[in-house]
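Asker: This is the content of target-v4.csv (CSV, C-alpha atoms):
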chain,number,residue,atom,x,y,z
T,11,MET,CA,0.0,0.0,0.0
T,12,ALA,CA,2.8,2.4,1.0
T,13,TRP,CA,4.6,1.5,-2.2
T,14,LEU,CA,1.5,2.2,-4.3
T,15,LEU,CA,1.0,5.6,-2.6
T,16,LEU,CA,4.7,6.4,-3.2
T,17,VAL,CA,4.3,5.6,-6.9
T,18,PHE,CA,1.1,7.6,-7.1
T,19,TYR,CA,2.7,10.7,-5.5
T,20,TRP,CA,5.7,10.4,-7.8
T,21,GLU,CA,3.5,10.3,-10.9
T,22,VAL,CA,1.4,13.2,-9.6
T,23,LEU,CA,4.6,15.2,-9.0
T,24,LYS,CA,6.0,14.4,-12.5
T,25,LEU,CA,2.7,15.4,-14.1
T,26,ASN,CA,2.6,18.6,-12.1
T,27,CYS,CA,6.2,19.4,-13.1
T,28,SER,CA,5.5,18.8,-16.8
T,29,MET,CA,2.2,20.8,-16.7
T,30,LYS,CA,4.0,23.7,-15.0
T,31,LYS,CA,6.7,23.7,-17.7
T,32,GLU,CA,4.1,23.5,-20.5
T,33,TYR,CA,2.1,26.3,-18.8
T,34,LEU,CA,5.2,28.4,-18.5
T,35,ILE,CA,6.1,27.9,-22.2
T,36,SER,CA,2.5,28.5,-23.4
T,37,ARG,CA,2.2,31.7,-21.4
T,38,ARG,CA,5.6,32.9,-22.6
T,39,THR,CA,5.9,35.1,-19.6
T,40,ARG,CA,9.2,36.7,-18.7
T,41,THR,CA,9.6,34.2,-15.8
T,42,ALA,CA,9.0,31.4,-18.1
T,43,ALA,CA,11.5,32.6,-20.6
T,44,ARG,CA,14.1,33.2,-17.9
T,45,LYS,CA,13.5,29.7,-16.5
T,46,ILE,CA,13.8,28.0,-19.9
T,47,THR,CA,16.8,30.0,-21.1
T,48,LYS,CA,18.7,29.3,-17.9
T,49,THR,CA,19.3,25.9,-19.3
T,50,ILE,CA,20.3,27.3,-22.7
T,51,ASN,CA,22.6,30.1,-22.1
T,52,PRO,CA,23.0,30.7,-18.4
T,53,SER,CA,26.4,32.3,-18.1
T,54,ILE,CA,26.1,35.2,-20.6
T,55,SER,CA,22.6,36.3,-19.6
T,56,LYS,CA,23.6,36.3,-15.9
T,57,VAL,CA,26.9,38.2,-16.5
T,58,SER,CA,25.3,40.7,-18.8
T,59,LYS,CA,22.4,41.3,-16.3
T,60,VAL,CA,24.9,42.0,-13.5
T,61,ALA,CA,27.0,44.2,-15.7
T,62,LYS,CA,24.0,46.1,-16.9
T,63,GLY,CA,22.6,46.6,-13.4
T,64,LEU,CA,26.0,47.8,-12.1
T,65,GLY,CA,26.1,50.4,-14.9
T,66,ALA,CA,22.8,51.9,-13.8
T,67,ALA,CA,23.8,51.6,-10.1
T,68,GLY,CA,27.0,53.6,-10.7
T,69,VAL,CA,25.0,56.5,-12.1
T,70,LEU,CA,22.5,56.3,-9.3
T,71,PHE,CA,25.2,56.2,-6.7
T,72,ASN,CA,27.0,59.1,-8.2
T,73,GLY,CA,23.8,61.1,-8.4
T,74,SER,CA,22.8,60.2,-4.8
T,75,VAL,CA,26.1,61.4,-3.4
T,76,ILE,CA,25.7,64.7,-5.3
T,77,GLY,CA,22.0,65.0,-4.2
T,78,TYR,CA,22.8,64.1,-0.6
T,79,ASN,CA,25.6,66.7,-0.3
T,80,TRP,CA,23.4,69.3,-2.0
T,81,TYR,CA,20.5,68.6,0.4
T,82,HIS,CA,22.9,69.0,3.4
T,83,GLY,CA,24.2,72.4,2.2
T,84,GLU,CA,27.1,71.7,-0.2
T,85,ASN,CA,27.2,73.5,-3.5
T,86,VAL,CA,27.0,71.5,-6.7
T,87,THR,CA,29.8,72.4,-9.1
T,88,ALA,CA,29.9,72.1,-12.9
T,89,SER,CA,32.6,69.5,-12.7
T,90,GLN,CA,30.3,67.2,-10.5
T,91,VAL,CA,27.5,67.6,-13.1
T,92,ALA,CA,30.0,66.8,-15.9
T,93,ASP,CA,31.0,63.6,-14.1
T,94,LEU,CA,27.4,62.6,-13.7
T,95,ALA,CA,26.8,63.4,-17.3
T,96,ILE,CA,29.7,61.2,-18.4
T,97,GLY,CA,28.2,58.3,-16.4
T,98,VAL,CA,24.8,58.8,-18.0
T,99,GLY,CA,26.4,59.1,-21.4
T,100,LEU,CA,28.3,55.9,-20.9
T,101,VAL,CA,25.2,53.9,-19.8
T,102,LEU,CA,23.2,55.4,-22.7
T,103,ALA,CA,25.9,54.6,-25.2
T,104,GLY,CA,25.7,51.0,-24.1
T,105,SER,CA,21.9,50.8,-24.3
T,106,LEU,CA,22.0,52.4,-27.8
T,107,ALA,CA,24.5,49.6,-28.7
T,108,ILE,CA,26.9,52.2,-30.1
T,109,MET,CA,29.6,51.1,-27.6
T,110,SER,CA,30.3,47.6,-29.0
T,111,ALA,CA,33.8,48.9,-29.6
T,112,PRO,CA,34.9,49.7,-26.1
T,113,VAL,CA,36.6,53.0,-27.1
T,114,ALA,CA,34.2,54.9,-24.9
T,115,LEU,CA,35.1,52.6,-22.0
T,116,ILE,CA,38.8,53.2,-22.5
T,117,ALA,CA,38.2,56.9,-22.7
T,118,VAL,CA,36.3,56.9,-19.4
T,119,GLY,CA,39.0,54.7,-17.8
T,120,ALA,CA,41.7,57.0,-19.0
T,121,TYR,CA,39.7,60.0,-17.7
T,122,GLY,CA,39.3,58.4,-14.3
T,123,ILE,CA,43.1,57.7,-14.1
T,124,LEU,CA,44.1,61.2,-15.2
T,125,ASP,CA,41.5,62.7,-12.8
T,126,ALA,CA,42.9,60.5,-10.0
T,127,ALA,CA,46.4,61.8,-10.8
T,128,GLY,CA,45.2,65.3,-10.6
T,129,THR,CA,46.0,66.1,-14.2
T,130,PHE,CA,42.5,67.6,-14.9
T,131,ASN,CA,42.6,70.0,-11.9
T,132,ARG,CA,43.9,73.0,-13.8
T,133,ILE,CA,41.9,72.1,-17.0
T,134,LYS,CA,38.7,71.8,-14.9
T,135,SER,CA,39.3,75.1,-13.2
T,136,TYR,CA,40.1,76.8,-16.5
T,137,LEU,CA,36.9,75.4,-18.1
T,138,GLY,CA,34.8,76.6,-15.1
T,139,GLY,CA,34.6,73.2,-13.3
T,140,ASP,CA,34.5,75.0,-10.0
T,141,THR,CA,31.6,77.2,-10.9
T,142,VAL,CA,28.6,76.6,-8.6
T,143,VAL,CA,25.7,75.3,-10.6
T,144,LEU,CA,23.4,74.8,-7.7
T,145,GLU,CA,23.7,76.2,-4.2
T,146,GLY,CA,23.4,73.9,-1.3
T,147,TYR,CA,19.8,73.5,-0.1
T,148,MET,CA,20.1,73.6,3.7
T,149,ARG,CA,22.3,76.7,3.3
T,150,ASN,CA,19.5,78.6,1.6
T,151,GLN,CA,16.9,77.6,4.3
I,15,MET,CA,5.4,26.6,-32.9
I,16,LYS,CA,6.5,25.1,-36.2
I,17,LYS,CA,10.0,24.0,-37.1
I,18,ASN,CA,12.0,27.0,-38.4
I,19,GLU,CA,9.8,29.5,-36.6
I,20,TYR,CA,11.0,31.3,-33.6
I,21,GLN,CA,9.4,33.5,-31.0
I,22,LEU,CA,11.8,36.1,-29.7
I,23,ILE,CA,11.8,39.4,-27.9
I,24,HIS,CA,13.1,42.5,-29.6
I,25,ILE,CA,14.1,45.5,-27.6
I,26,PRO,CA,13.9,48.8,-29.5
I,27,ARG,CA,17.1,50.5,-28.6
I,28,GLY,CA,15.8,54.1,-28.8
I,29,LEU,CA,12.8,53.3,-26.6
I,30,TYR,CA,14.9,51.3,-24.2
I,31,SER,CA,17.4,54.1,-23.8
I,32,LEU,CA,14.7,56.7,-23.3
I,33,ARG,CA,13.2,54.6,-20.6
I,34,LEU,CA,16.6,54.2,-18.9
I,35,LEU,CA,17.2,57.9,-19.1
I,36,MET,CA,13.7,58.7,-17.7
I,37,ILE,CA,14.2,56.2,-14.8
I,38,LEU,CA,17.6,57.6,-13.9
I,39,ILE,CA,16.3,61.2,-14.0
I,40,ILE,CA,13.1,60.4,-12.0
I,41,SER,CA,15.0,58.3,-9.4
I,42,LEU,CA,17.6,61.0,-8.8
I,43,ILE,CA,15.2,64.0,-8.7
I,44,LEU,CA,12.0,62.7,-7.0
I,45,PRO,CA,13.6,61.6,-3.7
I,46,PHE,CA,15.3,64.9,-3.2
I,47,TRP,CA,12.3,66.9,-4.2
I,48,ILE,CA,10.2,65.0,-1.6
I,49,LEU,CA,12.9,65.7,1.0
I,50,THR,CA,12.7,69.4,0.3
I,51,LEU,CA,8.9,69.2,0.9
I,52,VAL,CA,9.1,67.2,4.2
I,53,HIS,CA,12.3,68.8,5.5
I,54,ILE,CA,13.9,65.9,7.3
I,55,LYS,CA,17.5,64.9,7.7
I,56,LEU,CA,18.1,61.5,6.3
I,57,ASN,CA,21.0,59.2,6.8
I,58,PHE,CA,23.0,58.6,3.5
I,59,ILE,CA,22.2,54.8,3.6
I,60,LEU,CA,18.5,55.7,3.7
I,61,VAL,CA,18.8,58.1,0.8
I,62,ILE,CA,20.6,55.4,-1.2
I,63,LEU,CA,17.9,52.9,-0.4
I,64,PHE,CA,15.2,55.4,-1.4
I,65,VAL,CA,16.9,56.2,-4.7
I,66,PHE,CA,17.7,52.6,-5.6
I,67,GLY,CA,14.3,51.3,-4.4
I,68,LEU,CA,12.5,53.8,-6.6
I,69,ALA,CA,14.7,52.9,-9.6
I,70,PHE,CA,14.1,49.2,-9.0
I,71,ILE,CA,10.3,49.7,-8.9
I,72,LEU,CA,10.3,51.9,-12.0
I,73,PHE,CA,12.5,49.3,-13.9
I,74,ARG,CA,10.1,46.5,-12.9
I,75,LEU,CA,7.0,48.4,-13.9
I,76,SER,CA,8.2,49.6,-17.2
I,77,THR,CA,9.9,46.4,-18.5
I,78,LYS,CA,7.0,45.2,-20.6
I,79,PHE,CA,6.8,48.5,-22.5
I,80,VAL,CA,10.1,47.9,-24.2
I,81,ARG,CA,9.7,44.3,-25.2
I,82,ASN,CA,8.2,43.7,-28.6
I,83,ASN,CA,7.3,40.3,-29.7
I,84,LEU,CA,9.3,39.1,-32.7
I,85,HIS,CA,8.3,36.2,-34.8
I,86,ILE,CA,11.0,35.0,-37.1
I,87,SER,CA,10.5,32.4,-39.8
I,88,ILE,CA,13.5,30.9,-41.7
I,89,ARG,CA,12.1,29.9,-45.1
I,90,ASN,CA,13.8,28.5,-48.1
I,91,GLU,CA,13.8,31.7,-50.1
I,92,GLU,CA,13.8,34.4,-47.4
I,93,LEU,CA,13.9,35.3,-43.8
I,94,VAL,CA,10.6,36.8,-42.5
I,95,ILE,CA,10.7,39.0,-39.5
I,96,THR,CA,7.3,40.0,-37.9
I,97,GLU,CA,7.4,42.5,-35.0
I,98,THR,CA,4.4,43.3,-32.9
I,99,SER,CA,4.7,46.4,-30.8
I,100,THR,CA,3.7,46.0,-27.2
I,101,LEU,CA,2.5,49.6,-26.9
I,102,THR,CA,0.5,50.0,-30.2
I,103,LYS,CA,0.0,46.4,-31.1
I,104,ASN,CA,1.0,47.3,-34.7
I,105,LYS,CA,2.6,44.6,-36.8
I,106,LYS,CA,5.6,45.2,-39.0
I,107,GLU,CA,6.8,42.6,-41.4
I,108,LYS,CA,10.3,42.6,-43.0
I,109,LYS,CA,11.4,40.1,-45.6
I,110,ILE,CA,15.1,39.5,-46.5
I,111,ASN,CA,15.9,37.3,-49.5
I,112,TRP,CA,18.9,35.0,-48.9
I,113,ASN,CA,20.2,36.1,-52.3
I,114,ASN,CA,20.4,39.7,-51.2
I,115,LEU,CA,22.2,38.9,-48.0
I,116,GLU,CA,25.9,39.7,-47.9
I,117,SER,CA,27.1,39.1,-44.4
I,118,TYR,CA,25.8,38.7,-40.8
I,119,ILE,CA,27.1,38.9,-37.3
I,120,PHE,CA,25.9,37.6,-33.9
I,121,LYS,CA,27.3,39.4,-30.9
I,122,THR,CA,26.4,39.9,-27.3
I,123,THR,CA,26.7,43.2,-25.5
I,124,GLN,CA,25.8,44.1,-21.9
I,125,TYR,CA,22.3,44.9,-22.9
I,126,TYR,CA,21.3,42.7,-25.9
I,127,HIS,CA,22.1,39.8,-28.1
I,128,ILE,CA,22.5,41.4,-31.5
I,129,LEU,CA,22.0,40.1,-35.0
I,130,LYS,CA,23.4,42.5,-37.7
I,131,LEU,CA,22.5,41.7,-41.3
I,132,LYS,CA,24.1,43.5,-44.2
I,133,THR,CA,22.4,43.3,-47.6
I,134,LYS,CA,24.2,43.5,-51.0
I,135,LYS,CA,22.6,46.9,-51.5
I,136,GLY,CA,24.5,48.1,-48.5
I,137,LYS,CA,21.5,48.2,-46.2
I,138,ASN,CA,22.0,47.3,-42.6
I,139,VAL,CA,19.4,45.6,-40.4
I,140,MET,CA,20.1,45.4,-36.7
I,141,LEU,CA,18.0,43.3,-34.4
I,142,THR,CA,18.5,43.7,-30.6
I,143,PHE,CA,17.1,40.6,-28.8
I,144,ASP,CA,16.5,40.2,-25.2
I,145,GLN,CA,18.9,37.7,-23.8
I,146,ASN,CA,16.1,35.9,-22.1
I,147,SER,CA,14.2,35.2,-25.4
I,148,GLN,CA,12.7,31.8,-25.4
I,149,HIS,CA,14.1,30.5,-28.7
I,150,LEU,CA,17.3,32.5,-29.0
I,151,SER,CA,19.8,29.7,-29.0
I,152,ARG,CA,17.7,27.6,-31.3
I,153,PHE,CA,17.3,30.5,-33.7
I,154,GLU,CA,21.0,31.3,-33.8
I,155,LYS,CA,21.9,27.7,-34.4
I,156,SER,CA,19.3,27.3,-37.2
I,157,PHE,CA,20.4,30.6,-38.8
I,158,HIS,CA,24.0,29.4,-39.0
I,159,ASN,CA,22.9,26.0,-40.4
I,160,LYS,CA,20.7,27.6,-43.0
I,161,VAL,CA,23.4,30.0,-44.2
I,162,SER,CA,26.0,27.2,-44.4
I,163,SER,CA,23.7,24.9,-46.4
I,164,LEU,CA,22.7,27.7,-48.7
I,165,ASN,CA,26.4,28.7,-49.3
I,166,GLU,CA,27.1,25.0,-50.2
I,167,VAL,CA,24.0,24.2,-52.3
I,168,GLN,CA,22.6,27.4,-53.9
I,169,GLU,CA,24.5,29.2,-56.6
I,170,GLY,CA,24.8,32.9,-56.2
I,171,VAL,CA,24.5,32.8,-52.5
I,172,ASN,CA,27.7,33.6,-50.5
I,173,VAL,CA,26.8,34.9,-47.1
I,174,SER,CA,29.8,35.4,-44.9
I,175,LEU,CA,29.8,35.3,-41.1
I,176,LYS,CA,31.7,38.3,-39.7
I,177,ALA,CA,33.6,37.9,-36.5
I,178,SER,CA,32.5,39.9,-33.5
I,179,ILE,CA,35.0,42.3,-31.9
I,180,TYR,CA,35.5,39.8,-29.0
I,181,GLU,CA,37.0,37.2,-31.5
I,182,THR,CA,39.4,39.6,-33.2
I,183,ARG,CA,43.0,40.5,-32.3
I,184,MET,CA,41.8,44.1,-31.8
I,185,GLY,CA,39.4,42.7,-29.1
I,186,VAL,CA,42.3,41.1,-27.3
I,187,ILE,CA,44.4,44.3,-27.4
I,188,LEU,CA,41.5,46.4,-26.2
I,189,SER,CA,40.8,43.9,-23.4
I,190,VAL,CA,44.4,44.1,-22.3
I,191,ILE,CA,44.3,48.0,-22.3
I,192,LEU,CA,41.0,47.8,-20.3
I,193,GLY,CA,42.6,45.4,-17.8
I,194,LEU,CA,45.6,47.7,-17.3
I,195,LEU,CA,43.3,50.6,-16.7
I,196,MET,CA,41.2,48.6,-14.2
I,197,ILE,CA,44.3,47.8,-12.2
I,198,SER,CA,46.0,51.2,-12.4
I,199,TRP,CA,43.0,53.4,-11.5
I,200,PRO,CA,42.8,52.6,-7.8
I,201,ILE,CA,46.6,52.5,-7.5
I,202,ILE,CA,47.0,56.0,-8.9
I,203,ALA,CA,44.1,57.3,-6.8
I,204,LEU,CA,45.7,55.8,-3.7
I,205,LEU,CA,49.2,57.1,-4.5
I,206,ASN,CA,47.9,60.6,-5.1
I,207,ASP,CA,45.7,60.5,-2.1
I,208,ARG,CA,42.6,61.3,-4.1
I,209,ASP,CA,39.0,60.2,-3.8
I,210,PHE,CA,38.2,57.2,-5.9
I,211,GLN,CA,35.1,58.2,-8.0
I,212,ILE,CA,33.0,55.2,-7.1
I,213,GLY,CA,30.1,56.1,-9.4
I,214,ILE,CA,32.0,56.3,-12.6
I,215,ALA,CA,34.3,53.5,-11.5
I,216,VAL,CA,31.4,51.1,-11.1
I,217,ILE,CA,30.1,51.9,-14.6
I,218,PHE,CA,33.6,51.5,-16.0
I,219,TYR,CA,34.5,48.4,-14.1
I,220,SER,CA,31.2,46.6,-15.0
I,221,GLY,CA,31.6,47.4,-18.7
I,222,ALA,CA,35.3,46.6,-18.9
I,223,SER,CA,34.9,43.3,-17.0
I,224,PHE,CA,32.0,42.3,-19.3
I,225,PHE,CA,34.2,43.0,-22.4
I,226,ILE,CA,37.2,41.1,-20.9
I,227,TYR,CA,34.9,38.2,-20.0
I,228,MET,CA,33.4,38.0,-23.5
I,229,VAL,CA,36.9,38.1,-25.1
I,230,TYR,CA,38.1,35.3,-22.8
I,231,ARG,CA,34.9,33.3,-23.4
I,232,SER,CA,35.1,33.6,-27.2
I,233,HIS,CA,38.8,32.6,-27.3
I,234,ARG,CA,38.2,29.7,-24.9
I,235,LEU,CA,35.4,28.4,-27.1
I,236,LYS,CA,37.6,28.7,-30.2
I,237,LYS,CA,40.1,26.2,-28.8
Now that the file is in, can you turn its structure into structure tokens?
Answerer:
Amino acid sequence: MAWLLLVFYWEVLKLNCSMKKEYLISRRTRTAARKITKTINPSISKVSKVAKGLGAAGVLFNGSVIGYNWYHGENVTASQVADLAIGVGLVLAGSLAIMSAPVALIAVGAYGILDAAGTFNRIKSYLGGDTVVLEGYMRNQ
Amino acid sequence: MKKNEYQLIHIPRGLYSLRLLMILIISLILPFWILTLVHIKLNFILVILFVFGLAFILFRLSTKFVRNNLHISIRNEELVITETSTLTKNKKEKKINWNNLESYIFKTTQYYHILKLKTKKGKNVMLTFDQNSQHLSRFEKSFHNKVSSLNEVQEGVNVSLKASIYETRMGVILSVILGLLMISWPIIALLNDRDFQIGIAVIFYSGASFFIYMVYRSHRLKK
């Protein structure tokens, strides 16, 4: 009896699984697609998803830092806005698929290094990078 | 679904980028605008959670608007692509005769899996698929097989498969440059006692690592 019950449960479970799979395929929902493709091409879709998410996260983080400092009374300079715009531009270049050649990436990497070395300090000041674009919020209150 | 018919998801690049831009703008402006209305001092972590949470919700809610259904049929004479817009429900059909096709290329970027077709008249067709499309791998395999068999059997057809940048020598050189930049950026920032721009660095590091990974992957698969 116990054996029969076990076989019955096993068959029900199998049927349930196959039905679920068919249901997912027929609905063609995003979840279904994701579940099915996991078996087809798992590595690339996962890696690209993480890389894509990090790109947007970088812009949001940069913007949040500027916004937080502005809210707490720090002035927003033109150079900070330019850095934020570079991030947005890089993300948009990727989403428009015009960055398959990683030239833009190399340019941004080189910019980051030169900025870290302080090479851009004079150029930024000369181009008006220290100009206050937006006065700190708390300071005005 | 019949044999040689594929159900894929096409992401219109312009619409996708517009959506991305809107989400970034809204997520960065709305929280601080609300803060100016309620006048409370928030911890930085709470601000980050607020901004990222809002962006996440907006991404989730707007996903379906940038995913068009794409039905592709590989026929003996031509490739038939039918796209149904999610927003307007309009159907657009495009037919490409195999005789008119000059070259094609499949490549993967951070955002899409791309099929670029070049016709003999010099016209380019670019399809940007969602990497989670149901029949993507099957379609790619069938497309390669179809072109190979046509090149062998049919006279006048000579469609070439172009190598993606990841497979070329230039790809390797670029990945080495990117690797060097990735290593030297934090070192130079540390030596000069400067702030490491985390925002831009995250964008750069994610893109550069993806490129290096793709170059490594394509060369490993070649062997």
Asker: Using only C-alpha atoms, which of the listed residues (I:Gln148, I:Asn111, I:Ser87, I:Ser189) sits closest to chain T?
Answerer: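 Between I:Gln148, I:Asn111, I:Ser87, I:Ser189, the residue approaching chain T most closely is I:Gln148.
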Asker: May I have the residues within 12 Å of Ser99 (chain I) as a PyMOL selection string, using only C-alpha atoms and disregarding those fewer than 6 positions away in the same chain?
Answerer: chain I and resi 23-26+29+78-85+105-107
Asker: Return as a PyMOL selection string the residues belonging to chain T that are within 8 Å of chain I, counting only C-alpha atoms.
Answerer: chain T and resi 38+40+43-44+46-47+50-51+55+57-62+64-74+77-78+81+93-94+96-98+100-102+104-107+110-112+115-116+118-120+122-123+126-128
Asker: For a test of reading the model, state the distance in Å between CA of Val173 (chain I) and CA of Glu19 (chain I), rounded to one decimal.
Answerer: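 Going from CA of Val173 (chain I) over to CA of Glu19 (chain I), I get 20.7 Å.
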Asker: Give the answer as one residue: which of I:Ile187, I:Ser163, I:Asn18, I:Gly136 has the shortest atom-to-atom distance to Val94 (chain I), using all atoms listed in the file?
Answerer: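 Among I:Ile187, I:Ser163, I:Asn18, I:Gly136, it is I:Asn18 that comes nearest to Val94 (chain I).
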Asker: Report the distance between CA of Ile110 (chain I) and CA of Leu164 (chain I) in Å, rounded to one decimal place.
Answerer: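 Atom-to-atom, CA of Ile110 (chain I) to CA of Leu164 (chain I), that is 14.2 Å.
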Asker: Using CA of Tyr147 (chain T) and CA of Ala92 (chain T) as the two end points, give the distance in Å to one decimal.
Answerer: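 Calculated distance between CA of Tyr147 (chain T) and CA of Ala92 (chain T) is 20.0 Å.
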Asker: Do you know which residues are at most 9 Å from Val143 (chain T) counting all atoms listed in the file, after dropping those on the same chain fewer than 4 positions away, and could you put them as a list in words?
Answerer: Asn85, Val86, Thr87, Ala88 and Val91 of chain T
Asker: Identify which of the residues I:Ser162, I:Thr133, I:Ser232, I:Glu154 lies closest to Glu181 (chain I), counting all atoms listed in the file when measuring atom-to-atom distances.
Answerer: I:Ser232
Asker: Restricting the calculation to only C-alpha atoms: of I:Lys109, I:Arg33, I:Lys134, I:Lys155, which residue gets closest to Asn172 (chain I)?
Answerer: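 Checking each candidate against Asn172 (chain I), we get I:Lys134 as the closest.
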Asker: Do a neighbour search on Lys135 (chain I) at 9 Å with all atoms listed in the file, toss out local chain neighbours closer than 3 positions, and write the hits as a PyMOL selection string.
Answerer: chain I and resi 114-116+132+138
